[in-house]
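Q: Contents of target.cif (mmCIF, C-alpha atoms) are below:
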```cif
data_run
#
loop_
_atom_site.label_atom_id
_atom_site.label_comp_id
_atom_site.auth_asym_id
_atom_site.auth_seq_id
_atom_site.Cartn_x
_atom_site.Cartn_y
_atom_site.Cartn_z
CA PHE A 1 60.54 5.90 55.05
CA THR A 2 57.97 3.25 55.87
CA VAL A 3 54.66 2.51 54.23
CA SER A 4 51.93 0.87 56.18
CA HIS A 5 49.88 -1.92 54.70
CA THR A 6 46.53 -0.27 55.52
CA SER A 7 47.25 2.95 53.65
CA LEU A 8 48.00 1.09 50.36
CA LYS A 9 44.86 -0.99 50.65
CA ASN A 10 42.54 2.05 50.75
CA LYS A 11 43.95 3.74 47.62
CA GLY A 12 42.47 2.96 44.15
CA PHE A 13 40.05 0.28 42.97
CA THR A 14 40.34 -3.43 43.29
CA LEU A 15 40.47 -5.64 40.23
CA LEU A 16 36.95 -6.93 40.96
CA GLU A 17 35.53 -3.38 41.09
CA ILE A 18 37.14 -2.53 37.75
CA MET A 19 35.74 -5.70 36.15
CA ILE A 20 32.20 -4.93 37.40
CA ALA A 21 32.43 -1.31 36.18
CA MET A 22 33.63 -2.44 32.73
CA THR A 23 30.82 -5.01 32.49
CA VAL A 24 28.16 -2.40 33.34
CA PHE A 25 29.76 0.06 30.91
CA SER A 26 29.86 -2.55 28.13
CA PHE A 27 26.11 -3.27 28.61
CA PHE A 28 25.27 0.42 28.23
CA VAL A 29 27.53 0.84 25.21
CA THR A 30 26.04 -2.28 23.55
CA ALA A 31 22.49 -1.06 24.17
CA TYR A 32 23.36 2.37 22.75
CA VAL A 33 25.02 0.94 19.62
CA VAL A 34 22.12 -1.46 18.98
CA SER A 35 19.54 1.31 19.36
CA GLN A 36 21.47 3.57 16.97
CA GLY A 37 21.70 0.73 14.44
CA ASN A 38 17.94 0.19 14.67
CA ASN A 39 17.35 3.93 14.23
CA LEU A 40 19.49 3.96 11.09
CA ALA A 41 17.70 0.90 9.67
CA ASP A 42 14.28 2.43 10.41
CA SER A 43 15.36 5.70 8.84
CA SER A 44 16.53 3.91 5.71
CA ASN A 45 13.25 1.95 5.48
CA MET A 46 11.23 5.15 5.90
CA ARG A 47 13.25 6.87 3.17
CA ASN A 48 12.63 3.94 0.80
CA GLU A 49 8.91 3.88 1.60
CA TYR A 50 8.69 7.64 1.10
CA GLU A 51 10.41 7.34 -2.28
CA MET A 52 8.11 4.49 -3.31
CA LYS A 53 5.04 6.48 -2.22
CA ASN A 54 6.13 9.46 -4.28
CA ILE A 55 6.82 7.33 -7.38
CA LEU A 56 3.46 5.58 -6.96
CA GLU A 57 1.64 8.92 -6.69
CA GLN A 58 3.47 10.18 -9.76
CA GLU A 59 2.44 7.11 -11.78
CA ILE A 60 -1.21 7.41 -10.72
CA ASN A 61 -1.27 11.14 -11.45
CA GLN A 62 0.12 10.54 -14.95
CA ILE A 63 -2.69 8.08 -15.63
CA ILE A 64 -5.31 10.46 -14.22
CA ILE A 65 -4.03 13.33 -16.36
CA ASN A 66 -3.85 11.22 -19.50
CA PRO A 67 -6.34 8.34 -19.08
CA PRO A 68 -6.45 5.53 -21.62
CA GLU A 69 -9.46 4.60 -23.71
CA PHE A 70 -11.80 2.75 -21.36
CA THR A 71 -12.35 -0.52 -23.21
CA PRO A 72 -12.64 -4.15 -22.06
CA SER A 73 -9.08 -4.76 -23.27
CA LEU A 74 -7.85 -2.79 -20.23
CA LEU A 75 -9.05 -5.64 -18.04
CA LEU A 76 -6.54 -8.09 -19.50
CA THR A 77 -3.54 -8.25 -17.18
CA THR A 78 -1.30 -10.99 -15.84
CA GLU A 79 0.88 -11.33 -12.76
CA ASN A 80 4.04 -10.51 -14.75
CA ASP A 81 2.88 -7.27 -16.38
CA TYR A 82 5.56 -5.23 -14.62
CA LYS A 83 7.33 -2.53 -16.62
CA THR A 84 10.47 -0.63 -15.67
CA ILE A 85 9.91 3.03 -14.87
CA GLU A 86 11.86 5.37 -17.13
CA ASP A 87 13.31 7.75 -14.52
CA PHE A 88 13.63 5.14 -11.76
CA GLU A 89 15.42 2.11 -13.17
CA GLU A 90 15.43 0.19 -9.86
CA TYR A 91 11.61 0.15 -9.75
CA GLU A 92 8.95 -1.48 -11.89
CA VAL A 93 5.22 -0.82 -12.06
CA ARG A 94 2.10 -2.83 -12.89
CA VAL A 95 -1.20 -1.17 -13.80
CA GLN A 96 -4.45 -3.09 -13.41
CA TRP A 97 -7.97 -2.02 -14.30
CA PHE A 98 -11.23 -3.33 -12.87
CA GLU A 99 -14.81 -2.67 -13.87
CA PHE A 100 -17.28 -1.35 -11.36
CA LYS A 101 -19.76 -4.06 -10.36
CA LEU A 102 -22.86 -3.64 -8.26
CA PRO A 103 -24.04 -6.68 -6.34
CA ASP A 104 -27.42 -8.04 -7.37
CA LEU A 105 -29.57 -6.54 -4.65
CA SER A 106 -32.75 -8.14 -6.00
CA LYS A 107 -31.58 -11.50 -4.67
CA LEU A 108 -31.31 -10.03 -1.20
CA SER A 109 -34.78 -8.51 -1.10
CA GLN A 110 -37.70 -10.74 -0.24
CA SER A 111 -41.15 -10.14 -1.65
CA THR A 112 -43.78 -8.99 0.79
CA GLU A 113 -47.22 -10.45 0.98
CA GLY A 114 -49.88 -8.60 -0.93
CA ASP A 115 -51.34 -8.31 -4.36
CA GLU A 116 -49.29 -10.52 -6.74
CA THR A 117 -49.76 -8.34 -9.83
CA THR A 118 -48.82 -5.15 -8.00
CA ASN A 119 -45.82 -6.89 -6.44
CA ASN A 120 -44.63 -8.33 -9.76
CA SER A 121 -44.95 -5.04 -11.61
CA GLN A 122 -43.05 -3.20 -8.86
CA GLU A 123 -40.32 -5.83 -8.90
CA THR A 124 -40.10 -5.60 -12.70
CA ILE A 125 -39.76 -1.81 -12.56
CA GLN A 126 -37.18 -2.05 -9.77
CA ALA A 127 -35.23 -4.67 -11.71
CA ARG A 128 -35.17 -2.50 -14.84
CA ILE A 129 -34.09 0.57 -12.88
CA PHE A 130 -31.40 -1.41 -11.10
CA GLU A 131 -30.18 -2.87 -14.39
CA ASN A 132 -30.04 0.60 -15.95
CA VAL A 133 -28.18 2.12 -12.99
CA SER A 134 -25.79 -0.83 -12.92
CA LYS A 135 -24.95 -0.50 -16.63
CA ASN A 136 -24.44 3.25 -16.34
CA LEU A 137 -22.16 2.95 -13.30
CA GLN A 138 -20.22 0.15 -14.97
CA ALA A 139 -19.60 2.38 -17.98
CA LEU A 140 -18.77 5.44 -15.86
CA LEU A 141 -16.55 4.09 -13.08
CA TRP A 142 -13.31 2.17 -13.45
CA GLN A 143 -10.99 1.12 -10.67
CA LEU A 144 -7.28 1.64 -11.15
CA LYS A 145 -4.76 -0.37 -9.13
CA VAL A 146 -1.07 0.50 -9.47
CA THR A 147 1.57 -1.74 -7.89
CA LEU A 148 5.15 -0.52 -7.53
CA ARG A 149 7.92 -3.05 -6.88
CA HIS A 150 11.61 -2.63 -6.10
CA LYS A 151 13.53 -4.93 -8.46
CA GLU A 152 16.16 -6.14 -5.98
CA SER A 153 14.25 -6.41 -2.70
CA LEU A 154 10.87 -7.20 -4.35
CA LYS A 155 9.26 -4.89 -1.81
CA GLU A 156 5.86 -3.79 -3.11
CA MET A 157 3.53 -0.89 -2.54
CA GLU A 158 0.14 -0.52 -4.16
CA SER A 159 -2.57 2.07 -4.40
CA THR A 160 -6.05 2.08 -5.88
CA THR A 161 -8.39 4.80 -7.01
CA TRP A 162 -11.57 5.23 -9.01
CA LEU A 163 -11.59 7.04 -12.34
CA LEU A 164 -14.54 8.52 -14.14
CA ASN A 165 -14.92 7.70 -17.82
CA GLN A 166 -15.65 11.12 -19.32
CA LYS A 167 -16.64 9.61 -22.67
CA ALA A 168 -19.28 7.24 -21.24
CA GLN A 169 -22.86 7.95 -22.23
CA VAL A 170 -25.39 7.72 -19.43
CA ARG A 171 -28.81 6.48 -20.43
#
```
Please lay out the structure from this file as structure tokens.
A:
Amino acid sequence: FTVSHTSLKNKGFTLLEIMIAMTVFSFFVTAYVVSQGNNLADSSNMRNEYEMKNILEQEINQIIINPPEFTPSLLLTTENDYKTIEDFEEYEVRVQWFEFKLPDLSKLSQSTEGDETTNNSQETIQARIFENVSKNLQALLWQLKVTLRHKESLKEMESTTWLLNQKAQVR
């Protein structure tokens, strides 16, 4: 029983071929594992953002349903006015209020040439109308800004909306 040298050489893989195949396989496995890890991290971030969005909506809706008394004291807030949310202990919320302000459009308009008395009386009437509209809108509209923050990660999400003061008297 004799075995020739050429028949043994043609059977199986060489060590070099096995090493190359394992290297290529390890690159594909590494790429797959990294992509799956990124997918899991993205999924977790999306879940946290979705939860924060829902909590933020819930907080804004509670304020809309039961608005506070619209007084200048609402405007007093500081950077550290965060309060823990009752049902979500890992989150805290800050509520800020802003008055509606119209820019002074009279400074932008330039008077046209013409009769001075007619021009002055028109400007006076326009200024009074603008002042009246500005005061009414300032009493009627309030901007609400709610900021939600995760206590551990300090990740924040904020939302703003306009609320109508139902008790304001328009003149």
Q: Compare A:Lys155, A:Leu163, A:Glu89, A:Ala168 by their minimum atom-to-atom distance to A:Glu49, counting only C-alpha atoms, and give me the closest one.
A: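 Closest residue, counting only C-alpha atoms: A:Lys155.
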Q: A:Leu40, A:Val24, A:Ile85, A:Leu164: which is nearest A:Glu59, counting all atoms listed in the file?
A: A:Ile85
Q: Report the distance between atom CA of A:Pro72 and atom CA of A:Phe130 in Å, rounded to one decimal place.
A: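 We find that atom CA of A:Pro72 and atom CA of A:Phe130 lie 21.9 Å from each other.
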Q: To test your reading of the syntax: which residues would the PyMOL selection byres ((chain A and resi 60-62) around 9) return for the file shown? Reply as a compact mmCIF listing (two decimals) with C-alpha atoms, keeping the file's coordinate frame.
A:
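Below you can see result.txt, which holds the result:
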```txt
# COMPACT_ATOMS: atom_id res chain seq x y z
CA ILE A 55 6.82 7.33 -7.38
CA LEU A 56 3.46 5.58 -6.96
CA GLU A 57 1.64 8.92 -6.69
CA GLN A 58 3.47 10.18 -9.76
CA GLU A 59 2.44 7.11 -11.78
CA ILE A 63 -2.69 8.08 -15.63
CA ILE A 64 -5.31 10.46 -14.22
CA ILE A 65 -4.03 13.33 -16.36
CA ASN A 66 -3.85 11.22 -19.50
CA PRO A 67 -6.34 8.34 -19.08
CA LEU A 144 -7.28 1.64 -11.15
CA LYS A 145 -4.76 -0.37 -9.13
CA VAL A 146 -1.07 0.50 -9.47
CA SER A 159 -2.57 2.07 -4.40
CA THR A 160 -6.05 2.08 -5.88
CA THR A 161 -8.39 4.80 -7.01
```
Q: Report as a count of residues only all protein, DNA and RNA residues lying within 9 Å of A:Glu92, evaluated on all atoms listed in the file, omitting residues in the same chain fewer than 2 positions from it.
A: 13
Q: Atom CA of A:Arg47 and atom CA of A:Val93, how far apart in Å?
A: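 Taking atom CA of A:Val93 as the start and atom CA of A:Arg47 as the end point, the length is 18.9 Å.
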Q: Could stretch 130-156 of chain A be completed with N, CA, C and O atoms and returned as a short mmCIF file (atom, residue, chain, number, x, y, z; two decimals), in the frame of the given file?
A:
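What follows is the written file part-v2.cif:
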```cif
data_model
loop_
_atom_site.label_atom_id
_atom_site.label_comp_id
_atom_site.auth_asym_id
_atom_site.auth_seq_id
_atom_site.Cartn_x
_atom_site.Cartn_y
_atom_site.Cartn_z
N PHE A 130 -32.68 -0.92 -11.61
CA PHE A 130 -31.40 -1.41 -11.10
C PHE A 130 -30.47 -1.79 -12.24
O PHE A 130 -29.28 -1.48 -12.20
N GLU A 131 -30.99 -2.46 -13.24
CA GLU A 131 -30.18 -2.87 -14.39
C GLU A 131 -29.62 -1.66 -15.12
O GLU A 131 -28.45 -1.63 -15.50
N ASN A 132 -30.46 -0.64 -15.28
CA ASN A 132 -30.04 0.60 -15.95
C ASN A 132 -28.95 1.32 -15.15
O ASN A 132 -27.93 1.74 -15.71
N VAL A 133 -29.17 1.45 -13.85
CA VAL A 133 -28.18 2.12 -12.99
C VAL A 133 -26.87 1.33 -13.00
O VAL A 133 -25.78 1.91 -13.10
N SER A 134 -26.98 0.01 -12.93
CA SER A 134 -25.79 -0.83 -12.92
C SER A 134 -24.98 -0.67 -14.21
O SER A 134 -23.75 -0.53 -14.17
N LYS A 135 -25.65 -0.67 -15.35
CA LYS A 135 -24.95 -0.50 -16.63
C LYS A 135 -24.29 0.86 -16.73
O LYS A 135 -23.16 0.99 -17.21
N ASN A 136 -25.00 1.90 -16.29
CA ASN A 136 -24.44 3.25 -16.34
C ASN A 136 -23.21 3.39 -15.44
O ASN A 136 -22.20 3.97 -15.84
N LEU A 137 -23.31 2.88 -14.21
CA LEU A 137 -22.16 2.95 -13.30
C LEU A 137 -20.99 2.13 -13.82
O LEU A 137 -19.84 2.52 -13.67
N GLN A 138 -21.30 0.99 -14.43
CA GLN A 138 -20.22 0.15 -14.97
C GLN A 138 -19.51 0.86 -16.12
O GLN A 138 -18.31 0.73 -16.28
N ALA A 139 -20.23 1.64 -16.89
CA ALA A 139 -19.60 2.38 -17.98
C ALA A 139 -18.86 3.61 -17.46
O ALA A 139 -17.83 4.01 -18.02
N LEU A 140 -19.36 4.21 -16.39
CA LEU A 140 -18.77 5.44 -15.86
C LEU A 140 -17.55 5.23 -14.98
O LEU A 140 -16.58 5.98 -15.06
N LEU A 141 -17.59 4.25 -14.09
CA LEU A 141 -16.55 4.09 -13.08
C LEU A 141 -15.62 2.93 -13.39
O LEU A 141 -16.07 1.83 -13.71
N TRP A 142 -14.33 3.20 -13.27
CA TRP A 142 -13.31 2.17 -13.45
C TRP A 142 -12.36 2.27 -12.26
O TRP A 142 -12.00 3.36 -11.83
N GLN A 143 -11.94 1.13 -11.77
CA GLN A 143 -10.99 1.12 -10.67
C GLN A 143 -9.59 0.89 -11.22
O GLN A 143 -9.36 0.00 -12.03
N LEU A 144 -8.68 1.72 -10.76
CA LEU A 144 -7.28 1.64 -11.15
C LEU A 144 -6.48 1.15 -9.95
O LEU A 144 -6.60 1.69 -8.85
N LYS A 145 -5.66 0.14 -10.17
CA LYS A 145 -4.76 -0.37 -9.13
C LYS A 145 -3.35 -0.35 -9.69
O LYS A 145 -3.07 -0.98 -10.71
N VAL A 146 -2.46 0.39 -9.03
CA VAL A 146 -1.07 0.50 -9.47
C VAL A 146 -0.20 -0.13 -8.38
O VAL A 146 -0.31 0.22 -7.21
N THR A 147 0.65 -1.06 -8.81
CA THR A 147 1.57 -1.74 -7.89
C THR A 147 2.99 -1.38 -8.28
O THR A 147 3.37 -1.52 -9.44
N LEU A 148 3.74 -0.89 -7.32
CA LEU A 148 5.15 -0.52 -7.53
C LEU A 148 6.00 -1.55 -6.80
O LEU A 148 5.72 -1.92 -5.66
N ARG A 149 7.06 -2.03 -7.47
CA ARG A 149 7.92 -3.05 -6.88
C ARG A 149 9.39 -2.67 -7.09
O ARG A 149 9.78 -2.26 -8.17
N HIS A 150 10.17 -2.83 -6.01
CA HIS A 150 11.61 -2.63 -6.10
C HIS A 150 12.20 -3.90 -6.71
O HIS A 150 11.89 -5.01 -6.26
N LYS A 151 13.03 -3.77 -7.73
CA LYS A 151 13.53 -4.93 -8.46
C LYS A 151 14.39 -5.86 -7.60
O LYS A 151 14.29 -7.07 -7.71
N GLU A 152 15.24 -5.30 -6.76
CA GLU A 152 16.16 -6.14 -5.98
C GLU A 152 15.49 -6.75 -4.75
O GLU A 152 15.57 -7.94 -4.52
N SER A 153 14.83 -5.92 -3.96
CA SER A 153 14.25 -6.41 -2.70
C SER A 153 12.86 -7.01 -2.89
O SER A 153 12.37 -7.68 -2.00
N LEU A 154 12.23 -6.75 -4.05
CA LEU A 154 10.87 -7.20 -4.35
C LEU A 154 9.83 -6.64 -3.37
O LEU A 154 8.74 -7.17 -3.23
N LYS A 155 10.20 -5.55 -2.70
CA LYS A 155 9.26 -4.89 -1.81
C LYS A 155 8.22 -4.18 -2.66
O LYS A 155 8.57 -3.49 -3.62
N GLU A 156 6.94 -4.35 -2.31
CA GLU A 156 5.86 -3.79 -3.11
C GLU A 156 5.06 -2.77 -2.33
O GLU A 156 4.96 -2.85 -1.10
#
```
